[in-house]
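Asker: PDB, C-alpha atoms, saved as structure13.pdb, coming up:
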```
MODEL        1
ATOM      1  CA  MET A   1     -10.689  13.858   9.587  1.00  0.00           C
ATOM      2  CA  ALA A   2     -10.138  17.610   9.730  1.00  0.00           C
ATOM      3  CA  LYS A   3      -6.425  16.898  10.168  1.00  0.00           C
ATOM      4  CA  GLU A   4      -6.322  15.548   6.594  1.00  0.00           C
ATOM      5  CA  ALA A   5      -7.031  19.028   5.256  1.00  0.00           C
ATOM      6  CA  GLY A   6      -4.672  20.917   7.553  1.00  0.00           C
ATOM      7  CA  ARG A   7      -5.239  23.028  10.627  1.00  0.00           C
ATOM      8  CA  ASN A   8      -8.085  25.377  11.475  1.00  0.00           C
ATOM      9  CA  GLN A   9     -10.709  23.262   9.726  1.00  0.00           C
ATOM     10  CA  THR A  10     -14.060  22.014  10.963  1.00  0.00           C
ATOM     11  CA  CYS A  11     -15.178  18.543   9.999  1.00  0.00           C
ATOM     12  CA  THR A  12     -18.422  16.597  10.298  1.00  0.00           C
ATOM     13  CA  TYR A  13     -18.234  12.841   9.666  1.00  0.00           C
ATOM     14  CA  PHE A  14     -21.011  10.946   7.899  1.00  0.00           C
ATOM     15  CA  ASP A  15     -20.482   7.250   7.185  1.00  0.00           C
ATOM     16  CA  ASN A  16     -18.404   6.983   3.973  1.00  0.00           C
ATOM     17  CA  GLU A  17     -18.113  10.716   3.344  1.00  0.00           C
ATOM     18  CA  TYR A  18     -17.309  13.801   5.383  1.00  0.00           C
ATOM     19  CA  TYR A  19     -17.528  17.567   5.137  1.00  0.00           C
ATOM     20  CA  ILE A  20     -14.812  20.172   5.600  1.00  0.00           C
ATOM     21  CA  ASP A  21     -16.163  23.678   6.057  1.00  0.00           C
ATOM     22  CA  GLY A  22     -19.349  22.577   4.297  1.00  0.00           C
ATOM     23  CA  VAL A  23     -17.590  20.990   1.294  1.00  0.00           C
ATOM     24  CA  LYS A  24     -18.447  17.328   0.682  1.00  0.00           C
ATOM     25  CA  MET A  25     -15.361  15.079   0.711  1.00  0.00           C
ATOM     26  CA  VAL A  26     -14.968  11.357   0.089  1.00  0.00           C
ATOM     27  CA  ARG A  27     -13.429   9.369   2.930  1.00  0.00           C
ATOM     28  CA  PHE A  28     -10.859   7.609   0.735  1.00  0.00           C
ATOM     29  CA  CYS A  29      -9.333   5.690   3.617  1.00  0.00           C
ATOM     30  CA  ASP A  30     -12.440   3.461   3.561  1.00  0.00           C
ATOM     31  CA  LEU A  31     -11.905   2.550  -0.095  1.00  0.00           C
ATOM     32  CA  SER A  32      -9.375  -0.064   0.989  1.00  0.00           C
ATOM     33  CA  PHE A  33     -12.016  -2.023   2.914  1.00  0.00           C
ATOM     34  CA  VAL A  34     -13.083  -5.506   1.867  1.00  0.00           C
ATOM     35  CA  ASN A  35     -16.339  -4.549   0.155  1.00  0.00           C
ATOM     36  CA  HIS A  36     -14.664  -2.338  -2.424  1.00  0.00           C
ATOM     37  CA  THR A  37     -13.026  -3.570  -5.625  1.00  0.00           C
ATOM     38  CA  PHE A  38      -9.974  -2.230  -7.392  1.00  0.00           C
ATOM     39  CA  GLN A  39     -12.063  -0.876 -10.252  1.00  0.00           C
ATOM     40  CA  GLU A  40     -14.303   0.965  -7.768  1.00  0.00           C
ATOM     41  CA  LEU A  41     -11.188   2.620  -6.391  1.00  0.00           C
ATOM     42  CA  LEU A  42     -10.021   3.678  -9.848  1.00  0.00           C
ATOM     43  CA  THR A  43     -13.412   5.033 -10.916  1.00  0.00           C
ATOM     44  CA  THR A  44     -13.724   7.120  -7.751  1.00  0.00           C
ATOM     45  CA  ILE A  45     -11.735   9.852  -9.467  1.00  0.00           C
ATOM     46  CA  ASP A  46     -14.780  10.490 -11.662  1.00  0.00           C
ATOM     47  CA  LYS A  47     -16.926  11.247  -8.589  1.00  0.00           C
ATOM     48  CA  ILE A  48     -14.849  14.254  -7.564  1.00  0.00           C
ATOM     49  CA  ASN A  49     -16.772  17.347  -8.613  1.00  0.00           C
ATOM     50  CA  ASP A  50     -15.146  20.176  -6.699  1.00  0.00           C
ATOM     51  CA  VAL A  51     -11.650  21.618  -6.902  1.00  0.00           C
ATOM     52  CA  SER A  52     -10.706  21.823  -3.223  1.00  0.00           C
ATOM     53  CA  PRO A  53      -6.949  21.323  -2.682  1.00  0.00           C
ATOM     54  CA  TYR A  54      -7.454  17.986  -0.942  1.00  0.00           C
ATOM     55  CA  ASN A  55      -9.610  16.567  -3.734  1.00  0.00           C
ATOM     56  CA  VAL A  56      -7.180  17.790  -6.409  1.00  0.00           C
ATOM     57  CA  HIS A  57      -4.498  15.907  -4.476  1.00  0.00           C
ATOM     58  CA  ILE A  58      -6.656  12.768  -4.417  1.00  0.00           C
ATOM     59  CA  SER A  59      -7.286  13.080  -8.153  1.00  0.00           C
ATOM     60  CA  SER A  60      -3.560  13.146  -8.883  1.00  0.00           C
ATOM     61  CA  LEU A  61      -2.957  10.056  -6.764  1.00  0.00           C
ATOM     62  CA  LEU A  62      -5.750   8.091  -8.414  1.00  0.00           C
ATOM     63  CA  SER A  63      -4.443   9.186 -11.809  1.00  0.00           C
ATOM     64  CA  MET A  64      -1.119   7.573 -10.909  1.00  0.00           C
ATOM     65  CA  LEU A  65      -2.931   4.354 -10.059  1.00  0.00           C
ATOM     66  CA  LYS A  66      -4.875   4.459 -13.308  1.00  0.00           C
ATOM     67  CA  THR A  67      -1.655   4.972 -15.261  1.00  0.00           C
ATOM     68  CA  LEU A  68      -0.023   2.019 -13.529  1.00  0.00           C
ATOM     69  CA  ASP A  69      -3.101  -0.115 -14.122  1.00  0.00           C
ATOM     70  CA  SER A  70      -3.203   0.714 -17.832  1.00  0.00           C
ATOM     71  CA  ARG A  71       0.468  -0.133 -18.192  1.00  0.00           C
ATOM     72  CA  GLU A  72       0.691  -3.263 -16.049  1.00  0.00           C
ATOM     73  CA  SER A  73      -2.574  -4.296 -14.412  1.00  0.00           C
ATOM     74  CA  THR A  74      -0.962  -7.147 -12.446  1.00  0.00           C
ATOM     75  CA  ILE A  75       1.176  -4.680 -10.495  1.00  0.00           C
ATOM     76  CA  ALA A  76      -1.766  -2.364  -9.850  1.00  0.00           C
ATOM     77  CA  GLN A  77      -4.011  -5.210  -8.692  1.00  0.00           C
ATOM     78  CA  HIS A  78      -1.222  -6.448  -6.414  1.00  0.00           C
ATOM     79  CA  SER A  79      -0.867  -2.966  -4.921  1.00  0.00           C
ATOM     80  CA  PHE A  80      -4.560  -2.963  -4.090  1.00  0.00           C
ATOM     81  CA  MET A  81      -4.290  -6.347  -2.346  1.00  0.00           C
ATOM     82  CA  VAL A  82      -1.242  -5.132  -0.387  1.00  0.00           C
ATOM     83  CA  ASN A  83      -3.296  -2.124   0.641  1.00  0.00           C
ATOM     84  CA  ARG A  84      -6.209  -4.239   1.883  1.00  0.00           C
ATOM     85  CA  ILE A  85      -3.945  -6.496   3.960  1.00  0.00           C
ATOM     86  CA  ALA A  86      -1.975  -3.559   5.360  1.00  0.00           C
ATOM     87  CA  MET A  87      -5.135  -1.732   6.386  1.00  0.00           C
ATOM     88  CA  ALA A  88      -6.372  -4.877   8.133  1.00  0.00           C
ATOM     89  CA  LEU A  89      -3.048  -5.032  10.000  1.00  0.00           C
ATOM     90  CA  GLY A  90      -3.412  -1.361  10.899  1.00  0.00           C
ATOM     91  CA  ARG A  91      -6.825  -2.035  12.383  1.00  0.00           C
ATOM     92  CA  VAL A  92      -5.488  -4.992  14.367  1.00  0.00           C
ATOM     93  CA  MET A  93      -2.633  -2.792  15.626  1.00  0.00           C
ATOM     94  CA  LYS A  94      -5.118   0.030  16.422  1.00  0.00           C
ATOM     95  CA  LEU A  95      -3.169   2.676  14.507  1.00  0.00           C
ATOM     96  CA  PRO A  96      -4.498   6.236  14.858  1.00  0.00           C
ATOM     97  CA  ASP A  97      -6.528   7.707  11.994  1.00  0.00           C
ATOM     98  CA  GLN A  98      -3.721   9.846  10.592  1.00  0.00           C
ATOM     99  CA  GLU A  99      -1.353   6.865  10.399  1.00  0.00           C
ATOM    100  CA  MET A 100      -4.087   4.804   8.761  1.00  0.00           C
ATOM    101  CA  LEU A 101      -4.506   7.510   6.128  1.00  0.00           C
ATOM    102  CA  GLN A 102      -0.771   7.536   5.384  1.00  0.00           C
ATOM    103  CA  LEU A 103      -0.662   3.724   5.385  1.00  0.00           C
ATOM    104  CA  ASN A 104      -3.556   3.733   2.926  1.00  0.00           C
ATOM    105  CA  TRP A 105      -1.805   5.918   0.368  1.00  0.00           C
ATOM    106  CA  GLY A 106       1.668   4.535   1.005  1.00  0.00           C
ATOM    107  CA  THR A 107       0.572   0.968   0.296  1.00  0.00           C
ATOM    108  CA  LEU A 108      -1.608   1.855  -2.691  1.00  0.00           C
ATOM    109  CA  LEU A 109       1.360   3.681  -4.222  1.00  0.00           C
ATOM    110  CA  HIS A 110       4.216   1.527  -2.903  1.00  0.00           C
ATOM    111  CA  ASP A 111       5.136   0.264  -6.398  1.00  0.00           C
ATOM    112  CA  ILE A 112       4.384   3.515  -8.233  1.00  0.00           C
ATOM    113  CA  GLY A 113       8.108   3.867  -8.983  1.00  0.00           C
ATOM    114  CA  LYS A 114       7.723   1.078 -11.520  1.00  0.00           C
ATOM    115  CA  LEU A 115       6.242   3.731 -13.794  1.00  0.00           C
ATOM    116  CA  GLY A 116       9.861   4.785 -14.278  1.00  0.00           C
ATOM    117  CA  ILE A 117      11.056   1.318 -15.346  1.00  0.00           C
ATOM    118  CA  ALA A 118      11.342   0.579 -19.071  1.00  0.00           C
ATOM    119  CA  ASP A 119       8.756  -1.786 -20.554  1.00  0.00           C
ATOM    120  CA  SER A 120      11.538  -4.046 -21.805  1.00  0.00           C
ATOM    121  CA  ILE A 121      12.381  -4.787 -18.158  1.00  0.00           C
ATOM    122  CA  LEU A 122       9.071  -4.311 -16.374  1.00  0.00           C
ATOM    123  CA  LEU A 123       7.131  -6.471 -18.838  1.00  0.00           C
ATOM    124  CA  LYS A 124       9.890  -8.961 -19.645  1.00  0.00           C
ATOM    125  CA  PRO A 125       8.353 -12.475 -19.734  1.00  0.00           C
ATOM    126  CA  ALA A 126      11.641 -14.218 -18.918  1.00  0.00           C
ATOM    127  CA  ALA A 127      13.822 -14.035 -15.815  1.00  0.00           C
ATOM    128  CA  LEU A 128      15.695 -10.772 -15.269  1.00  0.00           C
ATOM    129  CA  ASN A 129      19.467 -10.700 -15.538  1.00  0.00           C
ATOM    130  CA  THR A 130      21.625  -9.120 -12.818  1.00  0.00           C
ATOM    131  CA  GLU A 131      21.712  -5.681 -14.439  1.00  0.00           C
ATOM    132  CA  GLU A 132      17.960  -5.645 -15.023  1.00  0.00           C
ATOM    133  CA  TYR A 133      17.286  -6.687 -11.437  1.00  0.00           C
ATOM    134  CA  GLN A 134      19.413  -3.802 -10.190  1.00  0.00           C
ATOM    135  CA  ILE A 135      17.274  -1.442 -12.272  1.00  0.00           C
ATOM    136  CA  ILE A 136      14.073  -2.905 -10.820  1.00  0.00           C
ATOM    137  CA  LYS A 137      15.505  -2.341  -7.338  1.00  0.00           C
ATOM    138  CA  ARG A 138      15.519   1.397  -8.032  1.00  0.00           C
ATOM    139  CA  HIS A 139      11.723   1.613  -8.005  1.00  0.00           C
ATOM    140  CA  PRO A 140      11.442   2.621  -4.306  1.00  0.00           C
ATOM    141  CA  LEU A 141      13.704   5.614  -4.980  1.00  0.00           C
ATOM    142  CA  VAL A 142      11.870   6.509  -8.188  1.00  0.00           C
ATOM    143  CA  GLY A 143       8.505   6.287  -6.409  1.00  0.00           C
ATOM    144  CA  TYR A 144       9.737   8.398  -3.523  1.00  0.00           C
ATOM    145  CA  GLU A 145      10.926  11.090  -5.950  1.00  0.00           C
ATOM    146  CA  LEU A 146       7.416  11.189  -7.454  1.00  0.00           C
ATOM    147  CA  VAL A 147       5.719  11.984  -4.138  1.00  0.00           C
ATOM    148  CA  LYS A 148       8.345  13.537  -1.855  1.00  0.00           C
ATOM    149  CA  ASN A 149       7.185  17.109  -2.443  1.00  0.00           C
ATOM    150  CA  ASN A 150       3.519  16.294  -1.864  1.00  0.00           C
ATOM    151  CA  GLU A 151       2.497  17.859   1.447  1.00  0.00           C
ATOM    152  CA  TYR A 152      -0.152  15.178   2.028  1.00  0.00           C
ATOM    153  CA  LEU A 153       2.258  12.242   1.704  1.00  0.00           C
ATOM    154  CA  THR A 154       4.955  12.767   4.325  1.00  0.00           C
ATOM    155  CA  SER A 155       4.721   9.311   5.931  1.00  0.00           C
ATOM    156  CA  ALA A 156       3.350   7.653   2.790  1.00  0.00           C
ATOM    157  CA  GLY A 157       6.565   8.604   1.005  1.00  0.00           C
ATOM    158  CA  ALA A 158       8.528   6.694   3.628  1.00  0.00           C
ATOM    159  CA  VAL A 159       6.415   3.606   2.926  1.00  0.00           C
ATOM    160  CA  ILE A 160       7.233   3.862  -0.775  1.00  0.00           C
ATOM    161  CA  LEU A 161      10.943   4.374  -0.106  1.00  0.00           C
ATOM    162  CA  CYS A 162      11.408   1.730   2.603  1.00  0.00           C
ATOM    163  CA  HIS A 163       9.024  -1.139   1.823  1.00  0.00           C
ATOM    164  CA  HIS A 164      11.895  -3.374   0.643  1.00  0.00           C
ATOM    165  CA  GLU A 165      14.048  -2.782   3.734  1.00  0.00           C
ATOM    166  CA  ARG A 166      14.479  -5.830   5.961  1.00  0.00           C
ATOM    167  CA  TRP A 167      14.388  -6.169   9.739  1.00  0.00           C
ATOM    168  CA  ASP A 168      17.913  -7.689   9.664  1.00  0.00           C
ATOM    169  CA  GLY A 169      19.367  -4.818   7.606  1.00  0.00           C
ATOM    170  CA  HIS A 170      19.846  -6.740   4.355  1.00  0.00           C
ATOM    171  CA  GLY A 171      17.144  -4.975   2.358  1.00  0.00           C
ATOM    172  CA  TYR A 172      17.292  -2.019  -0.021  1.00  0.00           C
ATOM    173  CA  PRO A 173      17.761   0.781  -0.934  1.00  0.00           C
ATOM    174  CA  ASN A 174      19.443   1.946   2.314  1.00  0.00           C
ATOM    175  CA  ASN A 175      20.095  -1.231   4.350  1.00  0.00           C
ATOM    176  CA  MET A 176      18.014   0.090   7.242  1.00  0.00           C
ATOM    177  CA  GLN A 177      17.581  -2.223  10.228  1.00  0.00           C
ATOM    178  CA  GLY A 178      14.952  -2.910  12.898  1.00  0.00           C
ATOM    179  CA  ASN A 179      13.153   0.150  14.218  1.00  0.00           C
ATOM    180  CA  GLN A 180      15.169   2.394  11.889  1.00  0.00           C
ATOM    181  CA  ILE A 181      12.645   1.311   9.262  1.00  0.00           C
ATOM    182  CA  PRO A 182       9.443   3.387   9.546  1.00  0.00           C
ATOM    183  CA  LEU A 183       6.601   1.411  11.131  1.00  0.00           C
ATOM    184  CA  LEU A 184       4.249   1.873   8.174  1.00  0.00           C
ATOM    185  CA  ALA A 185       6.918   0.558   5.800  1.00  0.00           C
ATOM    186  CA  ARG A 186       7.380  -2.511   8.012  1.00  0.00           C
ATOM    187  CA  ILE A 187       3.638  -3.139   7.819  1.00  0.00           C
ATOM    188  CA  CYS A 188       3.766  -2.762   4.035  1.00  0.00           C
ATOM    189  CA  SER A 189       6.618  -5.285   3.840  1.00  0.00           C
ATOM    190  CA  VAL A 190       4.565  -7.982   5.596  1.00  0.00           C
ATOM    191  CA  ALA A 191       1.465  -7.140   3.552  1.00  0.00           C
ATOM    192  CA  ASP A 192       3.460  -7.142   0.307  1.00  0.00           C
ATOM    193  CA  THR A 193       4.803 -10.635   0.908  1.00  0.00           C
ATOM    194  CA  ALA A 194       1.461 -11.982   2.134  1.00  0.00           C
ATOM    195  CA  ALA A 195      -0.279 -10.594  -0.951  1.00  0.00           C
ATOM    196  CA  ALA A 196       2.300 -12.167  -3.261  1.00  0.00           C
ATOM    197  CA  MET A 197       1.793 -15.556  -1.648  1.00  0.00           C
ATOM    198  CA  ALA A 198      -2.008 -15.188  -1.813  1.00  0.00           C
ATOM    199  CA  GLU A 199      -1.951 -14.588  -5.577  1.00  0.00           C
ATOM    200  CA  ASP A 200      -1.753 -17.141  -8.375  1.00  0.00           C
ATOM    201  CA  ARG A 201       1.606 -17.048 -10.132  1.00  0.00           C
ATOM    202  CA  PRO A 202       2.708 -18.767 -13.373  1.00  0.00           C
ATOM    203  CA  TYR A 203       4.878 -21.175 -11.382  1.00  0.00           C
ATOM    204  CA  ARG A 204       2.435 -21.948  -8.522  1.00  0.00           C
ATOM    205  CA  LYS A 205      -1.103 -21.571  -7.280  1.00  0.00           C
ATOM    206  CA  ALA A 206      -2.031 -19.193  -4.470  1.00  0.00           C
ATOM    207  CA  LEU A 207      -1.019 -20.481  -1.048  1.00  0.00           C
ATOM    208  CA  PRO A 208      -3.578 -21.108   1.726  1.00  0.00           C
ATOM    209  CA  ILE A 209      -3.680 -18.718   4.669  1.00  0.00           C
ATOM    210  CA  THR A 210      -2.080 -21.207   7.066  1.00  0.00           C
ATOM    211  CA  GLN A 211       0.906 -21.642   4.782  1.00  0.00           C
ATOM    212  CA  ILE A 212       1.254 -17.880   4.335  1.00  0.00           C
ATOM    213  CA  ALA A 213       1.268 -17.437   8.118  1.00  0.00           C
ATOM    214  CA  ASP A 214       3.883 -20.193   8.531  1.00  0.00           C
ATOM    215  CA  GLU A 215       6.152 -18.559   5.959  1.00  0.00           C
ATOM    216  CA  LEU A 216       5.861 -15.157   7.630  1.00  0.00           C
ATOM    217  CA  LEU A 217       6.632 -16.700  11.021  1.00  0.00           C
ATOM    218  CA  ARG A 218       9.676 -18.451   9.563  1.00  0.00           C
ATOM    219  CA  ASN A 219      11.045 -15.090   8.449  1.00  0.00           C
ATOM    220  CA  ALA A 220      10.047 -13.073  11.526  1.00  0.00           C
ATOM    221  CA  GLY A 221      13.121 -11.454  13.037  1.00  0.00           C
ATOM    222  CA  THR A 222      15.071 -11.639   9.769  1.00  0.00           C
ATOM    223  CA  GLN A 223      12.996 -10.196   6.935  1.00  0.00           C
ATOM    224  CA  PHE A 224      10.047  -8.972   9.008  1.00  0.00           C
ATOM    225  CA  ASP A 225       9.277  -7.158  12.249  1.00  0.00           C
ATOM    226  CA  PRO A 226       8.147  -9.979  14.596  1.00  0.00           C
ATOM    227  CA  GLN A 227       5.394  -7.861  16.166  1.00  0.00           C
ATOM    228  CA  ILE A 228       3.789  -7.192  12.787  1.00  0.00           C
ATOM    229  CA  VAL A 229       3.958 -10.873  11.865  1.00  0.00           C
ATOM    230  CA  GLU A 230       2.251 -11.617  15.184  1.00  0.00           C
ATOM    231  CA  ALA A 231      -0.482  -9.115  14.272  1.00  0.00           C
ATOM    232  CA  PHE A 232      -0.981 -10.969  10.999  1.00  0.00           C
ATOM    233  CA  VAL A 233      -1.142 -14.380  12.663  1.00  0.00           C
ATOM    234  CA  THR A 234      -3.658 -13.169  15.252  1.00  0.00           C
ATOM    235  CA  MET A 235      -5.790 -11.290  12.709  1.00  0.00           C
ATOM    236  CA  PRO A 236      -9.512 -11.907  13.361  1.00  0.00           C
ATOM    237  CA  GLU A 237     -11.385 -14.165  10.964  1.00  0.00           C
ATOM    238  CA  LYS A 238     -13.411 -11.208   9.655  1.00  0.00           C
ATOM    239  CA  GLU A 239     -10.145  -9.655   8.427  1.00  0.00           C
ATOM    240  CA  LYS A 240      -8.767 -12.859   6.905  1.00  0.00           C
ATOM    241  CA  VAL A 241     -11.560 -12.780   4.314  1.00  0.00           C
ATOM    242  CA  ILE A 242      -9.294 -10.341   2.479  1.00  0.00           C
ATOM    243  CA  LEU A 243      -6.813 -13.132   1.779  1.00  0.00           C
ATOM    244  CA  ARG A 244      -9.470 -15.713   1.059  1.00  0.00           C
ATOM    245  CA  SER A 245     -11.052 -13.452  -1.541  1.00  0.00           C
ATOM    246  CA  SER A 246      -7.820 -13.504  -3.543  1.00  0.00           C
ATOM    247  CA  THR A 247      -7.471 -17.282  -3.683  1.00  0.00           C
TER     248      THR A 247
ENDMDL
END
```
Translate the structure described by the file into structure tokens.
Answerer:
Amino acid sequence: MAKEAGRNQTCTYFDNEYYIDGVKMVRFCDLSFVNHTFQELLTTIDKINDVSPYNVHISSLLSMLKTLDSRESTIAQHSFMVNRIAMALGRVMKLPDQEMLQLNWGTLLHDIGKLGIADSILLKPAALNTEEYQIIKRHPLVGYELVKNNEYLTSAGAVILCHHERWDGHGYPNNMQGNQIPLLARICSVADTAAAMAEDRPYRKALPITQIADELLRNAGTQFDPQIVEAFVTMPEKEKVILRSST
């Protein structure tokens, strides 16, 4: 975990916390695990007592999440579910720690650009018209602009920018295709869709896991990276509790 704070640091790991040069840090990557709730994640900001650069950075990120939650809690709760699924996929795919850290923040903040969308559109109870939908489609760019200068979020910014790109090149905002799309963004795309299907919506109830898997498989190779869909389908039962807990 010393890499999270930059070079030339010493780090001792203890369960759910760690120390950098003797300063107690919270291992925020673990906050996406199954036994933590969204509210526990949001209230973690209040547990930060020191002003080390890394913890100040964490505080600003959690403040963004709190702002999104206070404005539109459905979006914030969805982001948390996307995060939990994506982290489970990362564990199945055996991603290295640094990529897991970036996946953690990228997925938690993937819809943060919706802070820049007017309430009249974001909170509209009826269907969006064509012009309004085009405005909504700007949220990956808006979110990327919010974090692009943050030194801790290099790969996480790519998740925010590219999570609506499609494997077949018909996504947005840049029509990227296949492996041009950053891996962590491809993971977020699968997790985003799975989370949406696992949630109750006004027009339907949450779908069972088997139906979610079938839908992902049907779109593997077009919307989604087939290897990531395979990771979802083969996810161990202990990871699938994430989806069951949302239904």
Asker: So which residues touch Tyr172 in chain A within 8 Å, counting only C-alpha atoms, skipping near sequence neighbours fewer than 5 positions away, as a PyMOL selection string?
Answerer: chain A and resi 137+162+164-166
Asker: Excluding same-chain residues fewer than 6 positions from Glu215 in chain A, what lies within 10 Å of it counting all atoms listed in the file, as a list in words?
Answerer: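 Here the answer would be Thr193, Ala194, Met197, Ile209 and Val229 of chain A.
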Asker: Name the residues in contact with Gly143 in chain A at a cut-off of 7 Å, using all atoms listed in the file, excluding same-chain residues fewer than 2 positions from it; report them as a VMD selection string.
Answerer: chain A and resid 111 to 113 139 to 141 145 to 147 160
Asker: Which residues would end up in the selection if the PyMOL selection byres ((chain A and resi 117-121) around 8) were applied here, given that I need the answer as a list of chain:residue names?
Answerer: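 The output of the PyMOL selection byres ((chain A and resi 117-121) around 8) on this file is A:Gly113, A:Lys114, A:Leu115, A:Gly116, A:Leu122, A:Leu123, A:Lys124, A:Leu128, A:Glu132, A:Ile135, A:Ile136, A:His139.
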Asker: What's the separation between CA of Gln177 in chain A and CA of Thr222 in chain A, in Å to one decimal place?
Answerer: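 Between these atoms lies a distance of 9.8 Å.
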Asker: Report as a Markdown table: every residue of range 130-211 of chain A with an atom at most 6 Å from range 76-87 of chain A, its closest pair of atoms, and their distance in Å to one decimal, counting all atoms listed in the file, with rows sorted by chain and ascending residue number.
Answerer:
```
| residue | atom | partner | partner_atom | distance |
| --- | --- | --- | --- | --- |
| A:Cys188 | CA | A:Ala86 | CA | 5.9 |
| A:Ala191 | CA | A:Val82 | CA | 5.2 |
| A:Asp192 | CA | A:Val82 | CA | 5.2 |
| A:Ala195 | CA | A:Val82 | CA | 5.6 |
```
Asker: Find the spatial neighbours of Asn175 in chain A, counting all atoms listed in the file, within a cut-off of 12 Å - ignore same-chain residues fewer than 4 positions away - and output them as a list of chain:residue names.
Answerer: A:Leu161, A:Cys162, A:His163, A:His164, A:Glu165, A:Arg166, A:Trp167, A:Asp168, A:Gly169, A:His170, A:Gly171, A:Gln180, A:Ile181, A:Gln223
Asker: So what do you get for CA of Arg218 in chain A versus CA of Arg138 in chain A, distance-wise?
Answerer: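 Distance reported for this atom pair: 27.2 Å.
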Asker: In Å to one decimal, how far is CA of Arg91 in chain A from CA of Asn150 in chain A?
Answerer: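 CA of Asn150 in chain A sits 25.4 Å away from CA of Arg91 in chain A.
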Asker: Pick out the residues sitting within 9 Å of Phe224 in chain A, and hand them over as an MDAnalysis selection string; count all atoms listed in the file, and ignore anything fewer than 6 positions along from it in its own chain.
Answerer: chainID A and resid 166:168 178 186:187 189:190 216:217
Asker: Could you write out as an mmCIF file with C-alpha atoms, in the frame of the given file the residues that the PyMOL selection byres ((chain A and resi 92-107) around 6) matches in the shown file?
Answerer:
```
data_model
loop_
_atom_site.group_PDB
_atom_site.id
_atom_site.type_symbol
_atom_site.label_atom_id
_atom_site.label_comp_id
_atom_site.auth_asym_id
_atom_site.auth_seq_id
_atom_site.Cartn_x
_atom_site.Cartn_y
_atom_site.Cartn_z
ATOM 1 C CA CYS A 29 -9.333 5.690 3.617
ATOM 2 C CA ASN A 83 -3.296 -2.124 0.641
ATOM 3 C CA LEU A 89 -3.048 -5.032 10.000
ATOM 4 C CA GLY A 90 -3.412 -1.361 10.899
ATOM 5 C CA ARG A 91 -6.825 -2.035 12.383
ATOM 6 C CA LEU A 108 -1.608 1.855 -2.691
ATOM 7 C CA LEU A 109 1.360 3.681 -4.222
ATOM 8 C CA HIS A 110 4.216 1.527 -2.903
ATOM 9 C CA SER A 155 4.721 9.311 5.931
ATOM 10 C CA ALA A 156 3.350 7.653 2.790
ATOM 11 C CA VAL A 159 6.415 3.606 2.926
ATOM 12 C CA ILE A 160 7.233 3.862 -0.775
ATOM 13 C CA LEU A 184 4.249 1.873 8.174
#
```
Asker: From the set A:Asn149, A:Asp225, A:Ala220, A:Arg71, which residue has the shortest atom-to-atom contact distance to Pro182 in chain A, counting all atoms listed in the file?
Answerer: A:Asp225
Asker: Where atoms are missing, can you supply N, CA and C atoms for range 87-98 of chain A and output the lot as a PDB file, in the coordinates of the input?
Answerer:
```
ATOM      1  N   MET A  87      -4.117  -2.432   5.613  1.00  0.00           N
ATOM      2  CA  MET A  87      -5.135  -1.732   6.386  1.00  0.00           C
ATOM      3  C   MET A  87      -5.747  -2.639   7.444  1.00  0.00           C
ATOM      4  N   ALA A  88      -5.889  -3.922   7.120  1.00  0.00           N
ATOM      5  CA  ALA A  88      -6.372  -4.877   8.133  1.00  0.00           C
ATOM      6  C   ALA A  88      -5.377  -4.972   9.279  1.00  0.00           C
ATOM      7  N   LEU A  89      -4.076  -5.015   8.959  1.00  0.00           N
ATOM      8  CA  LEU A  89      -3.048  -5.032  10.000  1.00  0.00           C
ATOM      9  C   LEU A  89      -3.109  -3.758  10.837  1.00  0.00           C
ATOM     10  N   GLY A  90      -3.311  -2.625  10.179  1.00  0.00           N
ATOM     11  CA  GLY A  90      -3.412  -1.361  10.899  1.00  0.00           C
ATOM     12  C   GLY A  90      -4.571  -1.357  11.876  1.00  0.00           C
ATOM     13  N   ARG A  91      -5.679  -1.958  11.474  1.00  0.00           N
ATOM     14  CA  ARG A  91      -6.825  -2.035  12.383  1.00  0.00           C
ATOM     15  C   ARG A  91      -6.524  -2.953  13.560  1.00  0.00           C
ATOM     16  N   VAL A  92      -5.865  -4.082  13.290  1.00  0.00           N
ATOM     17  CA  VAL A  92      -5.488  -4.992  14.367  1.00  0.00           C
ATOM     18  C   VAL A  92      -4.543  -4.295  15.349  1.00  0.00           C
ATOM     19  N   MET A  93      -3.623  -3.488  14.803  1.00  0.00           N
ATOM     20  CA  MET A  93      -2.633  -2.792  15.626  1.00  0.00           C
ATOM     21  C   MET A  93      -3.174  -1.493  16.218  1.00  0.00           C
ATOM     22  N   LYS A  94      -4.449  -1.166  15.883  1.00  0.00           N
ATOM     23  CA  LYS A  94      -5.118   0.030  16.422  1.00  0.00           C
ATOM     24  C   LYS A  94      -4.317   1.311  16.138  1.00  0.00           C
ATOM     25  N   LEU A  95      -3.876   1.467  14.891  1.00  0.00           N
ATOM     26  CA  LEU A  95      -3.169   2.676  14.507  1.00  0.00           C
ATOM     27  C   LEU A  95      -4.116   3.867  14.535  1.00  0.00           C
ATOM     28  N   PRO A  96      -3.640   5.042  14.882  1.00  0.00           N
ATOM     29  CA  PRO A  96      -4.498   6.236  14.858  1.00  0.00           C
ATOM     30  C   PRO A  96      -4.894   6.592  13.429  1.00  0.00           C
ATOM     31  N   ASP A  97      -5.960   7.385  13.305  1.00  0.00           N
ATOM     32  CA  ASP A  97      -6.528   7.707  11.994  1.00  0.00           C
ATOM     33  C   ASP A  97      -5.500   8.289  11.026  1.00  0.00           C
ATOM     34  N   GLN A  98      -4.665   9.201  11.497  1.00  0.00           N
ATOM     35  CA  GLN A  98      -3.721   9.846  10.592  1.00  0.00           C
ATOM     36  C   GLN A  98      -2.711   8.832  10.052  1.00  0.00           C
TER      37      GLN A  98
END
```
